[in-house]
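As structure tokens, the structure follows; a few thoughts come after it.
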Amino acid sequence: MANDKKLVEQITSMDVDFAQWYTDVVKKAELADYSGVKGCMVIRPYGYAIWENIQHDLDARFKLLGHENVYMPMFIPESLLQKEKDHVEGFAPECAVVTIGGQNQLAERLIVRPTSETLFCEHYKNIIHSYRDLPKLYNQWCNVVRWEKTTRPFLRTSEFLWQEGHTMHETEEEAREETMRMLRCYEDFYRETLAIPAVVGRKTEKEKFAGAKETYTIEPMMHNGVALQGGTSHYFGDGFARAFDITYTDRENKIQYPHQTSWGVSTRMIGAIIMTHGDASGLILPPGVAPIQVVIVPIAQHKEGVLDVAGKLRDTLSARFRVKLDDSDNSAGWKFSQYEMKGVPVRLEIGPRDIESNSCVLVSRVTGEKTVVSLDNIAEEVEAALARVHDELYERAQKNLEAKTHDAHSYEEFLDIAENHPGFTRAMWCGDPACEDKLKDVTGGVKSRCIPFHEDHIGDTCVCCGKEAKHMVVWGRQY
């Protein structure tokens, strides 16, 4: 049992060093490892299984809304990227460039895709000719490369996995509806599957995506009060269509430019799960994406009949849940610590005494509460327990979000909150980017997260300059 205790103690306390706690969880829960390529990570089977479950859930949501999956090339000719000026300027510092193919210097440099708007536009130009060709509702699951200066597994890496939706529409109205529809799709997914609440709203002009007319965002708060941009949805208008000369003949036989959207989320969501739900013992996974939803730990498994009953229990539950029976020769205490650290939502303990009473012990990863449940209706008991885990995780995250959200009514109050109260700050803003820059500079990194869809009136003047306020903005530090 001494070794069991040591295993948990190897995770740094989140209250002592949150960044080190995060790294410890990523490594010790076997989610990812560092690679020989600086800034890139190896996503290990357990971490990749979480991503697969995220993919499965989101992909079903996208297809239900009429989207189709496609795949675009990894490389973008530099001349193609240059067609949209604002877009290329936004990504230029992060681009990885290929100049040699095999043994030969390339005639034109190739950009390893940081995102795929230009590739989709090149393709759309070839296939969109009439209003009958619209809408085009495409999505791509792929990797992208952005040469980051500072990296951290899942949160910010030079290469990461994501999905990027790219759609074309007849009218501005339809494109705007798509932009909001996909934002709400992400919001629902965060709430229903990841058990993560978030502030949802529009990015300021300064913070919007390069080349977009409007950017909307999901902004969850991590346990330590720092924001993480969880997903974005962009309305592009017809800017890309004009740059790439994408036209179609409308219903009145007139030539028009289609209106475009783009939206995406990435493996950064795994970082959000870790930092929103994790605790001193390690990871806690929401049941919707947990690779193992239920782990069965046999007690005194060397005794006759214990492994047989545990195996039948696994077979019974496997039809409805992702189940693991750990029949290794590790001690029960080691197994308890291991699966707590790996965030398995529900643990079932079954031994000789339990078998005699036709029951087992059900343990919640969130509360640690132990409940004796009958084997006769075990599937229903597990289903209810998983639902409770999800709801408890969401409620706990919501309380953290509310407790770490503060209102600032003056410049001095804003600075005090930034210095002494980690979390989100709600404050009025005049709309001038100069005030955004000043608040970021004087606080050492507090930025505008979004203009929320519901703006409470907490004052009449800008918290920075004192001029008439136009919006209430949520501000915070970010990963």
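Residues are referred to by chain and number: the chain letter is A, B, ... according to the order shown in the structure tokens, the number counts from 1 in that chain, and ligands are numbered separately from 1 in the order shown.
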- Message: At a cut-off of 8 Å, using only C-alpha atoms, what residues contact Ser364 of chain A? Leave out same-chain residues fewer than 6 positions from it and give the result as a list in words.
- Response: Pro345, Val346, Arg347, Lys370, Ala385 and Val389 of chain A
Could the residues in this selection be saved with N, CA and C atoms as a PDB file, in the first residue's frame?
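Dumped everything to part_23.pdb:
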```
ATOM      1  N   PRO A 345     -14.779   7.094 -14.888  1.00  0.00           N
ATOM      2  CA  PRO A 345     -15.911   7.658 -14.137  1.00  0.00           C
ATOM      3  C   PRO A 345     -16.478   6.760 -13.044  1.00  0.00           C
ATOM      4  N   VAL A 346     -16.561   5.426 -13.321  1.00  0.00           N
ATOM      5  CA  VAL A 346     -17.198   4.525 -12.357  1.00  0.00           C
ATOM      6  C   VAL A 346     -16.314   3.292 -12.156  1.00  0.00           C
ATOM      7  N   ARG A 347     -16.127   2.904 -10.899  1.00  0.00           N
ATOM      8  CA  ARG A 347     -15.406   1.681 -10.566  1.00  0.00           C
ATOM      9  C   ARG A 347     -16.350   0.714  -9.873  1.00  0.00           C
ATOM     10  N   LYS A 370     -19.117   5.360  -2.128  1.00  0.00           N
ATOM     11  CA  LYS A 370     -19.272   3.931  -2.386  1.00  0.00           C
ATOM     12  C   LYS A 370     -20.711   3.508  -2.100  1.00  0.00           C
ATOM     13  N   ALA A 385     -25.402   6.040 -12.533  1.00  0.00           N
ATOM     14  CA  ALA A 385     -24.174   6.561 -11.921  1.00  0.00           C
ATOM     15  C   ALA A 385     -23.387   7.408 -12.914  1.00  0.00           C
ATOM     16  N   VAL A 389     -22.314  11.341 -12.618  1.00  0.00           N
ATOM     17  CA  VAL A 389     -20.951  11.842 -12.795  1.00  0.00           C
ATOM     18  C   VAL A 389     -20.942  13.029 -13.742  1.00  0.00           C
TER      19      VAL A 389
END
```
For Thr99 of chain A: contacts at 9 Å, only C-alpha atoms, fewer than 2 positions along chain excluded, given as a CSV table (one decimal) with N, CA and C atoms, in the first residue's frame:
```csv
chain,number,residue,atom,x,y,z
A,97,VAL,N,7.3,26.1,-44.0
A,97,VAL,CA,7.4,26.2,-45.4
A,97,VAL,C,8.3,25.1,-45.9
A,101,GLY,N,11.9,19.3,-52.5
A,101,GLY,CA,11.2,18.1,-52.7
A,101,GLY,C,12.1,17.0,-53.2
A,104,ASN,N,15.5,18.2,-55.0
A,104,ASN,CA,15.4,19.3,-55.9
A,104,ASN,C,14.7,20.5,-55.1
A,105,GLN,N,15.2,21.7,-55.5
A,105,GLN,CA,14.6,22.9,-55.0
A,105,GLN,C,13.2,23.1,-55.7
A,106,LEU,N,12.2,23.4,-54.9
A,106,LEU,CA,10.9,23.5,-55.5
A,106,LEU,C,10.8,24.8,-56.3
A,107,ALA,N,10.1,24.8,-57.4
A,107,ALA,CA,9.8,26.0,-58.2
A,107,ALA,C,9.0,27.0,-57.4
A,108,GLU,N,8.1,26.5,-56.6
A,108,GLU,CA,7.3,27.4,-55.7
A,108,GLU,C,7.2,26.8,-54.3
A,109,ARG,N,7.4,27.6,-53.4
A,109,ARG,CA,7.4,27.2,-52.0
A,109,ARG,C,6.0,26.6,-51.6
A,110,LEU,N,5.9,25.6,-50.8
A,110,LEU,CA,4.7,25.0,-50.3
A,110,LEU,C,4.5,25.3,-48.8
```
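For segment 196-258 of chain A, backbone-based DSSP labels the following residues as helix (DSSP H, G or I): Gly239, Phe240, Ala241, Arg242 and Ala243 of chain A.
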- Item | Point-to-point distance in Å for atom CA of Ser281 of chain A and atom CA of Val297 of chain A |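 Those two atoms sit 18.1 Å apart.
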- Message: At a cut-off of 10 Å, using only C-alpha atoms, what residues contact segment 424-433 of chain A? Leave out same-chain residues fewer than 6 positions from it and give the result as JSON, numbers by chain.
- Response: {"A": [199, 204, 205, 206, 207, 221, 225, 226, 227, 401, 402, 403, 404, 405, 406, 407, 408, 409, 410, 411, 413, 414, 417, 418, 439, 446, 447, 448, 449, 451, 452, 455, 456, 457, 458, 459, 460, 461, 462, 463, 464, 465, 466, 467, 468, 469, 470, 471, 472, 473, 474, 475, 476, 477]}
- Query: Using only C-alpha atoms, which of A:Pro298, A:Gly333, A:Gly237, A:Pro77 sits nearest Cys360 of chain A?
  - Reply: A:Pro298
Would you give me, as a tab-separated table, each residue of segment 205-287 of chain A having an atom within 9 Å of an atom of segment 122-125 of chain A, along with its shortest atom pair and that distance in Å to one decimal, using only C-alpha atoms and sorting by chain and residue number?
```
residue	atom	partner	partner_atom	distance
A:Ala241	CA	A:Lys125	CA	8.3
A:Phe244	CA	A:Glu122	CA	6.9
A:Asp245	CA	A:Lys125	CA	7.0
A:Ile246	CA	A:Lys125	CA	4.8
A:Thr247	CA	A:Lys125	CA	7.3
```
Dump of N, CA and C atoms for the selected residues, as an mmCIF file, in the first residue's frame:
```cif
data_model
loop_
_atom_site.group_PDB
_atom_site.id
_atom_site.type_symbol
_atom_site.label_atom_id
_atom_site.label_comp_id
_atom_site.auth_asym_id
_atom_site.auth_seq_id
_atom_site.Cartn_x
_atom_site.Cartn_y
_atom_site.Cartn_z
ATOM 1 N N ALA A 241 -14.592 34.500 -51.634
ATOM 2 C CA ALA A 241 -15.171 34.211 -52.945
ATOM 3 C C ALA A 241 -14.689 35.228 -53.981
ATOM 4 N N PHE A 244 -10.951 34.645 -54.809
ATOM 5 C CA PHE A 244 -10.708 33.436 -55.606
ATOM 6 C C PHE A 244 -11.624 33.342 -56.823
ATOM 7 N N ASP A 245 -12.402 34.405 -57.056
ATOM 8 C CA ASP A 245 -13.301 34.468 -58.212
ATOM 9 C C ASP A 245 -14.252 33.270 -58.270
ATOM 10 N N ILE A 246 -14.878 33.010 -57.124
ATOM 11 C CA ILE A 246 -15.899 31.957 -57.062
ATOM 12 C C ILE A 246 -17.255 32.610 -57.301
ATOM 13 N N THR A 247 -17.900 32.264 -58.381
ATOM 14 C CA THR A 247 -19.196 32.862 -58.713
ATOM 15 C C THR A 247 -20.206 31.773 -59.053
#
```
- Note on the structure: One decimal place gives the atom CA of Arg61 of chain A-atom CA of Phe91 of chain A separation as 29.3 Å
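Between Gly211 of chain A and the candidates A:Thr249, A:Thr171, A:Gln301, A:Thr118, the tightest atom-to-atom separation, counting only C-alpha atoms, involves A:Thr118.
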- Item | Distance criterion (only C-alpha atoms): nearest to Thr115 of chain A out of A:Tyr394, A:Phe189, A:Phe154, A:Trp263 |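 Under the stated criterion, the closest residue is A:Trp263.
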- Task: Please give the complete set of residues from segment 5-249 of chain A that DSSP, run on the backbone, assigns to strand (DSSP E or B), formatted as a PyMOL selection string.
- Result: chain A and resi 32-34+41-43+68-69+75-77+96-101+104-112+130+136-145+152+156+159-169+199-202+214-219+221+227+231-237+248-249
Keeping only C-alpha atoms, write the selected residues to a file as a PDB file, in the first residue's frame.
```pdb
ATOM      1  CA  ALA A  32       0.655  11.944 -24.462  1.00  0.00           C
ATOM      2  CA  ASP A  33       4.426  11.963 -24.527  1.00  0.00           C
ATOM      3  CA  TYR A  34       7.043  14.322 -25.893  1.00  0.00           C
ATOM      4  CA  MET A  41       3.643  15.388 -29.172  1.00  0.00           C
ATOM      5  CA  VAL A  42       2.965  11.684 -29.344  1.00  0.00           C
ATOM      6  CA  ILE A  43      -0.708  11.106 -28.579  1.00  0.00           C
ATOM      7  CA  GLU A  68     -20.153  15.755 -45.587  1.00  0.00           C
ATOM      8  CA  ASN A  69     -16.541  14.842 -44.851  1.00  0.00           C
ATOM      9  CA  PHE A  75       0.356  21.501 -48.806  1.00  0.00           C
ATOM     10  CA  ILE A  76      -0.740  24.927 -50.034  1.00  0.00           C
ATOM     11  CA  PRO A  77       1.140  26.637 -52.888  1.00  0.00           C
ATOM     12  CA  ALA A  96       6.001  26.036 -41.883  1.00  0.00           C
ATOM     13  CA  VAL A  97       7.425  26.214 -45.428  1.00  0.00           C
ATOM     14  CA  VAL A  98       8.692  23.401 -47.682  1.00  0.00           C
ATOM     15  CA  THR A  99      11.384  24.482 -50.152  1.00  0.00           C
ATOM     16  CA  ILE A 100      12.939  21.159 -51.209  1.00  0.00           C
ATOM     17  CA  GLY A 101      11.184  18.100 -52.652  1.00  0.00           C
ATOM     18  CA  ASN A 104      15.398  19.335 -55.855  1.00  0.00           C
ATOM     19  CA  GLN A 105      14.601  22.944 -55.007  1.00  0.00           C
ATOM     20  CA  LEU A 106      10.881  23.520 -55.499  1.00  0.00           C
ATOM     21  CA  ALA A 107       9.850  25.980 -58.191  1.00  0.00           C
ATOM     22  CA  GLU A 108       7.261  27.356 -55.749  1.00  0.00           C
ATOM     23  CA  ARG A 109       7.363  27.177 -51.967  1.00  0.00           C
ATOM     24  CA  LEU A 110       4.689  25.030 -50.309  1.00  0.00           C
ATOM     25  CA  ILE A 111       3.033  25.971 -47.009  1.00  0.00           C
ATOM     26  CA  VAL A 112       2.154  23.141 -44.641  1.00  0.00           C
ATOM     27  CA  SER A 130     -25.195  27.568 -60.186  1.00  0.00           C
ATOM     28  CA  LYS A 136     -21.854  23.207 -49.945  1.00  0.00           C
ATOM     29  CA  LEU A 137     -21.566  21.827 -46.419  1.00  0.00           C
ATOM     30  CA  TYR A 138     -18.107  20.278 -46.108  1.00  0.00           C
ATOM     31  CA  ASN A 139     -16.024  19.237 -43.104  1.00  0.00           C
ATOM     32  CA  GLN A 140     -12.485  17.913 -42.824  1.00  0.00           C
ATOM     33  CA  TRP A 141     -10.799  15.911 -40.052  1.00  0.00           C
ATOM     34  CA  CYS A 142      -7.036  16.420 -40.356  1.00  0.00           C
ATOM     35  CA  ASN A 143      -3.818  17.732 -38.842  1.00  0.00           C
ATOM     36  CA  VAL A 144      -2.514  21.284 -39.207  1.00  0.00           C
ATOM     37  CA  VAL A 145       0.816  22.930 -38.449  1.00  0.00           C
ATOM     38  CA  ARG A 152       2.384  22.548 -24.093  1.00  0.00           C
ATOM     39  CA  ARG A 156      -0.583  24.628 -27.922  1.00  0.00           C
ATOM     40  CA  GLU A 159       1.119  20.164 -35.013  1.00  0.00           C
ATOM     41  CA  PHE A 160      -2.360  19.316 -33.776  1.00  0.00           C
ATOM     42  CA  LEU A 161      -5.476  17.444 -34.852  1.00  0.00           C
ATOM     43  CA  TRP A 162      -8.763  19.154 -35.528  1.00  0.00           C
ATOM     44  CA  GLN A 163     -11.860  19.392 -37.648  1.00  0.00           C
ATOM     45  CA  GLU A 164     -12.505  22.355 -39.907  1.00  0.00           C
ATOM     46  CA  GLY A 165     -15.879  22.967 -41.492  1.00  0.00           C
ATOM     47  CA  HIS A 166     -16.027  25.079 -44.663  1.00  0.00           C
ATOM     48  CA  THR A 167     -19.394  25.947 -46.188  1.00  0.00           C
ATOM     49  CA  MET A 168     -20.692  28.040 -49.078  1.00  0.00           C
ATOM     50  CA  HIS A 169     -24.183  29.569 -49.293  1.00  0.00           C
ATOM     51  CA  VAL A 199     -19.147  31.896 -22.040  1.00  0.00           C
ATOM     52  CA  VAL A 200     -20.319  32.209 -25.642  1.00  0.00           C
ATOM     53  CA  GLY A 201     -20.166  35.339 -27.761  1.00  0.00           C
ATOM     54  CA  ARG A 202     -18.516  37.384 -30.492  1.00  0.00           C
ATOM     55  CA  GLU A 214     -17.107  38.084 -37.638  1.00  0.00           C
ATOM     56  CA  THR A 215     -15.778  35.425 -35.277  1.00  0.00           C
ATOM     57  CA  TYR A 216     -17.815  33.732 -32.566  1.00  0.00           C
ATOM     58  CA  THR A 217     -16.261  31.737 -29.754  1.00  0.00           C
ATOM     59  CA  ILE A 218     -16.745  29.205 -26.972  1.00  0.00           C
ATOM     60  CA  GLU A 219     -14.750  30.287 -23.884  1.00  0.00           C
ATOM     61  CA  MET A 221     -12.843  28.560 -17.800  1.00  0.00           C
ATOM     62  CA  ALA A 227      -9.633  30.877 -20.235  1.00  0.00           C
ATOM     63  CA  GLY A 231     -13.922  26.470 -30.489  1.00  0.00           C
ATOM     64  CA  THR A 232     -14.726  29.149 -33.044  1.00  0.00           C
ATOM     65  CA  SER A 233     -17.200  29.773 -35.838  1.00  0.00           C
ATOM     66  CA  HIS A 234     -16.529  32.411 -38.491  1.00  0.00           C
ATOM     67  CA  TYR A 235     -18.638  34.341 -40.987  1.00  0.00           C
ATOM     68  CA  PHE A 236     -16.497  35.347 -43.976  1.00  0.00           C
ATOM     69  CA  GLY A 237     -19.040  37.106 -46.150  1.00  0.00           C
ATOM     70  CA  TYR A 248     -22.537  31.242 -59.377  1.00  0.00           C
ATOM     71  CA  THR A 249     -25.620  32.009 -61.468  1.00  0.00           C
TER      72      THR A 249
END
```
- Task: Enter the distance from atom CA of Lys440 of chain A to atom CA of Trp21 of chain A, in Å, rounded to one decimal.
- Result: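 Distance reported for this atom pair: 26.6 Å.
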Selection near Val366 of chain A, 10 Å with only C-alpha atoms, sequence-local residues under 4 positions removed, as a short mmCIF file (atom, residue, chain, number, x, y, z; two decimals) with C-alpha atoms, in the first residue's frame:
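Result file is part-v2.cif:
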```cif
data_model
loop_
_atom_site.label_atom_id
_atom_site.label_comp_id
_atom_site.auth_asym_id
_atom_site.auth_seq_id
_atom_site.Cartn_x
_atom_site.Cartn_y
_atom_site.Cartn_z
CA HIS A 277 -12.46 18.46 -14.30
CA GLY A 278 -9.16 17.11 -12.91
CA ASP A 279 -8.34 16.98 -9.20
CA ILE A 284 -11.57 12.92 -14.27
CA LEU A 285 -13.19 12.11 -17.60
CA PRO A 286 -16.79 12.92 -18.52
CA GLU A 340 -8.58 7.20 -10.31
CA GLY A 343 -10.16 9.41 -14.64
CA VAL A 344 -12.43 6.39 -15.14
CA PRO A 345 -15.91 7.66 -14.14
CA VAL A 346 -17.20 4.53 -12.36
CA ARG A 388 -24.67 11.57 -12.05
CA VAL A 389 -20.95 11.84 -12.80
CA HIS A 390 -21.70 14.01 -15.83
CA GLU A 392 -21.79 16.60 -10.94
CA LEU A 393 -18.88 17.54 -13.20
CA ARG A 396 -18.87 21.80 -10.22
#
```
- Determine, counting only C-alpha atoms, which protein, DNA and RNA residues have an atom within 9 Å of an atom of Lys342 of chain A; residues of the same chain fewer than 4 positions away are not included. Present the result as a count of residues only. 13
- Considering only C-alpha atoms, state which residue in the set A:Val295, A:Leu325, A:Cys185, A:Cys450 is at the smallest distance from Lys63 of chain A.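 Smallest distance to Lys63 of chain A is found for A:Cys185.
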Any idea what's packed within 7 Å of Ser158 of chain A, counting only C-alpha atoms, ignoring anything in its chain fewer than 3 positions away? Could you give it as a short mmCIF file (atom, residue, chain, number, x, y, z; two decimals) with N, CA and C atoms, in the first residue's frame?
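Final file, around.cif:
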```cif
data_model
loop_
_atom_site.label_atom_id
_atom_site.label_comp_id
_atom_site.auth_asym_id
_atom_site.auth_seq_id
_atom_site.Cartn_x
_atom_site.Cartn_y
_atom_site.Cartn_z
N GLY A 39 8.13 20.80 -30.02
CA GLY A 39 6.81 21.39 -30.14
C GLY A 39 5.73 20.43 -30.59
N CYS A 40 6.09 19.17 -30.87
CA CYS A 40 5.11 18.17 -31.29
C CYS A 40 4.99 17.10 -30.22
N VAL A 145 -0.46 22.55 -39.04
CA VAL A 145 0.82 22.93 -38.45
C VAL A 145 0.88 24.45 -38.28
N ARG A 146 1.17 24.87 -37.07
CA ARG A 146 1.40 26.29 -36.78
C ARG A 146 2.64 26.36 -35.88
N TRP A 147 3.66 27.01 -36.37
CA TRP A 147 4.95 26.98 -35.69
C TRP A 147 4.94 27.85 -34.44
N GLU A 148 4.52 27.24 -33.33
CA GLU A 148 4.35 27.96 -32.07
C GLU A 148 5.69 28.17 -31.37
#
```
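With only C-alpha atoms as the atoms that count, the minimum distance from Arg181 of chain A to the choices A:Phe336, A:Phe62, A:Phe453, A:Tyr48 is reached by A:Phe62.
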- Item | Test item: residues at most 12 Å from Val373 of chain A, only C-alpha atoms, excluding those fewer than 2 positions along its chain, as a list in words | Leu348, Glu349, Ile350, Asp354, Ile355, Ser357, Asn358, Ser359, Cys360, Val361, Leu362, Val363, Lys370, Thr371, Leu375, Asp376, Asn377, Ile378, Ala379, Glu380, Glu381, Val382, Ala384 and Ala385 of chain A
Selection to disk with N, CA and C atoms, as a PDB file, in the first residue's frame:
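Okay, this is what ended up in again14.pdb:
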```
ATOM      1  N   LEU A 348     -16.283  -0.543 -10.270  1.00  0.00           N
ATOM      2  CA  LEU A 348     -17.045  -1.596  -9.615  1.00  0.00           C
ATOM      3  C   LEU A 348     -16.070  -2.539  -8.915  1.00  0.00           C
ATOM      4  N   GLU A 349     -16.296  -2.785  -7.626  1.00  0.00           N
ATOM      5  CA  GLU A 349     -15.478  -3.711  -6.852  1.00  0.00           C
ATOM      6  C   GLU A 349     -16.325  -4.942  -6.536  1.00  0.00           C
ATOM      7  N   ILE A 350     -15.763  -6.130  -6.824  1.00  0.00           N
ATOM      8  CA  ILE A 350     -16.526  -7.346  -6.554  1.00  0.00           C
ATOM      9  C   ILE A 350     -15.604  -8.424  -5.998  1.00  0.00           C
ATOM     10  N   ASP A 354     -19.286  -9.988  -1.796  1.00  0.00           N
ATOM     11  CA  ASP A 354     -20.256  -9.374  -2.716  1.00  0.00           C
ATOM     12  C   ASP A 354     -21.005 -10.444  -3.504  1.00  0.00           C
ATOM     13  N   ILE A 355     -20.258 -11.452  -3.965  1.00  0.00           N
ATOM     14  CA  ILE A 355     -20.873 -12.526  -4.747  1.00  0.00           C
ATOM     15  C   ILE A 355     -21.918 -13.258  -3.913  1.00  0.00           C
ATOM     16  N   SER A 357     -23.767 -12.051  -1.639  1.00  0.00           N
ATOM     17  CA  SER A 357     -24.971 -11.214  -1.487  1.00  0.00           C
ATOM     18  C   SER A 357     -25.518 -10.738  -2.833  1.00  0.00           C
ATOM     19  N   ASN A 358     -24.974 -11.289  -3.946  1.00  0.00           N
ATOM     20  CA  ASN A 358     -25.425 -10.928  -5.299  1.00  0.00           C
ATOM     21  C   ASN A 358     -25.345  -9.426  -5.534  1.00  0.00           C
ATOM     22  N   SER A 359     -24.204  -8.857  -5.134  1.00  0.00           N
ATOM     23  CA  SER A 359     -24.051  -7.403  -5.259  1.00  0.00           C
ATOM     24  C   SER A 359     -22.612  -7.070  -5.617  1.00  0.00           C
ATOM     25  N   CYS A 360     -22.354  -5.783  -5.795  1.00  0.00           N
ATOM     26  CA  CYS A 360     -20.991  -5.270  -5.945  1.00  0.00           C
ATOM     27  C   CYS A 360     -20.973  -3.855  -5.391  1.00  0.00           C
ATOM     28  N   VAL A 361     -19.773  -3.294  -5.255  1.00  0.00           N
ATOM     29  CA  VAL A 361     -19.622  -1.935  -4.738  1.00  0.00           C
ATOM     30  C   VAL A 361     -19.358  -1.001  -5.905  1.00  0.00           C
ATOM     31  N   LEU A 362     -20.177   0.042  -6.038  1.00  0.00           N
ATOM     32  CA  LEU A 362     -20.039   1.036  -7.108  1.00  0.00           C
ATOM     33  C   LEU A 362     -19.420   2.297  -6.515  1.00  0.00           C
ATOM     34  N   VAL A 363     -18.345   2.786  -7.152  1.00  0.00           N
ATOM     35  CA  VAL A 363     -17.629   3.956  -6.648  1.00  0.00           C
ATOM     36  C   VAL A 363     -17.605   5.044  -7.716  1.00  0.00           C
ATOM     37  N   LYS A 370     -19.117   5.360  -2.128  1.00  0.00           N
ATOM     38  CA  LYS A 370     -19.272   3.931  -2.386  1.00  0.00           C
ATOM     39  C   LYS A 370     -20.711   3.508  -2.100  1.00  0.00           C
ATOM     40  N   THR A 371     -21.294   2.763  -3.058  1.00  0.00           N
ATOM     41  CA  THR A 371     -22.674   2.317  -2.924  1.00  0.00           C
ATOM     42  C   THR A 371     -22.741   0.833  -3.239  1.00  0.00           C
ATOM     43  N   LEU A 375     -26.603  -6.962  -8.382  1.00  0.00           N
ATOM     44  CA  LEU A 375     -26.191  -7.391  -9.725  1.00  0.00           C
ATOM     45  C   LEU A 375     -27.388  -7.617 -10.638  1.00  0.00           C
ATOM     46  N   ASP A 376     -28.581  -7.723 -10.051  1.00  0.00           N
ATOM     47  CA  ASP A 376     -29.771  -7.997 -10.868  1.00  0.00           C
ATOM     48  C   ASP A 376     -30.096  -6.849 -11.818  1.00  0.00           C
ATOM     49  N   ASN A 377     -29.857  -5.625 -11.390  1.00  0.00           N
ATOM     50  CA  ASN A 377     -30.139  -4.465 -12.257  1.00  0.00           C
ATOM     51  C   ASN A 377     -28.902  -3.587 -12.383  1.00  0.00           C
ATOM     52  N   ILE A 378     -27.743  -4.233 -12.524  1.00  0.00           N
ATOM     53  CA  ILE A 378     -26.476  -3.515 -12.522  1.00  0.00           C
ATOM     54  C   ILE A 378     -26.348  -2.536 -13.687  1.00  0.00           C
ATOM     55  N   ALA A 379     -26.865  -2.889 -14.868  1.00  0.00           N
ATOM     56  CA  ALA A 379     -26.746  -1.988 -16.020  1.00  0.00           C
ATOM     57  C   ALA A 379     -27.455  -0.667 -15.755  1.00  0.00           C
ATOM     58  N   GLU A 380     -28.627  -0.744 -15.149  1.00  0.00           N
ATOM     59  CA  GLU A 380     -29.385   0.475 -14.848  1.00  0.00           C
ATOM     60  C   GLU A 380     -28.671   1.302 -13.774  1.00  0.00           C
ATOM     61  N   GLU A 381     -28.083   0.612 -12.788  1.00  0.00           N
ATOM     62  CA  GLU A 381     -27.337   1.312 -11.735  1.00  0.00           C
ATOM     63  C   GLU A 381     -26.124   2.046 -12.316  1.00  0.00           C
ATOM     64  N   VAL A 382     -25.417   1.391 -13.242  1.00  0.00           N
ATOM     65  CA  VAL A 382     -24.246   2.017 -13.869  1.00  0.00           C
ATOM     66  C   VAL A 382     -24.673   3.202 -14.727  1.00  0.00           C
ATOM     67  N   ALA A 384     -27.250   5.133 -14.390  1.00  0.00           N
ATOM     68  CA  ALA A 384     -27.624   6.241 -13.514  1.00  0.00           C
ATOM     69  C   ALA A 384     -26.378   6.872 -12.890  1.00  0.00           C
ATOM     70  N   ALA A 385     -25.402   6.040 -12.533  1.00  0.00           N
ATOM     71  CA  ALA A 385     -24.174   6.561 -11.921  1.00  0.00           C
ATOM     72  C   ALA A 385     -23.387   7.408 -12.914  1.00  0.00           C
TER      73      ALA A 385
END
```
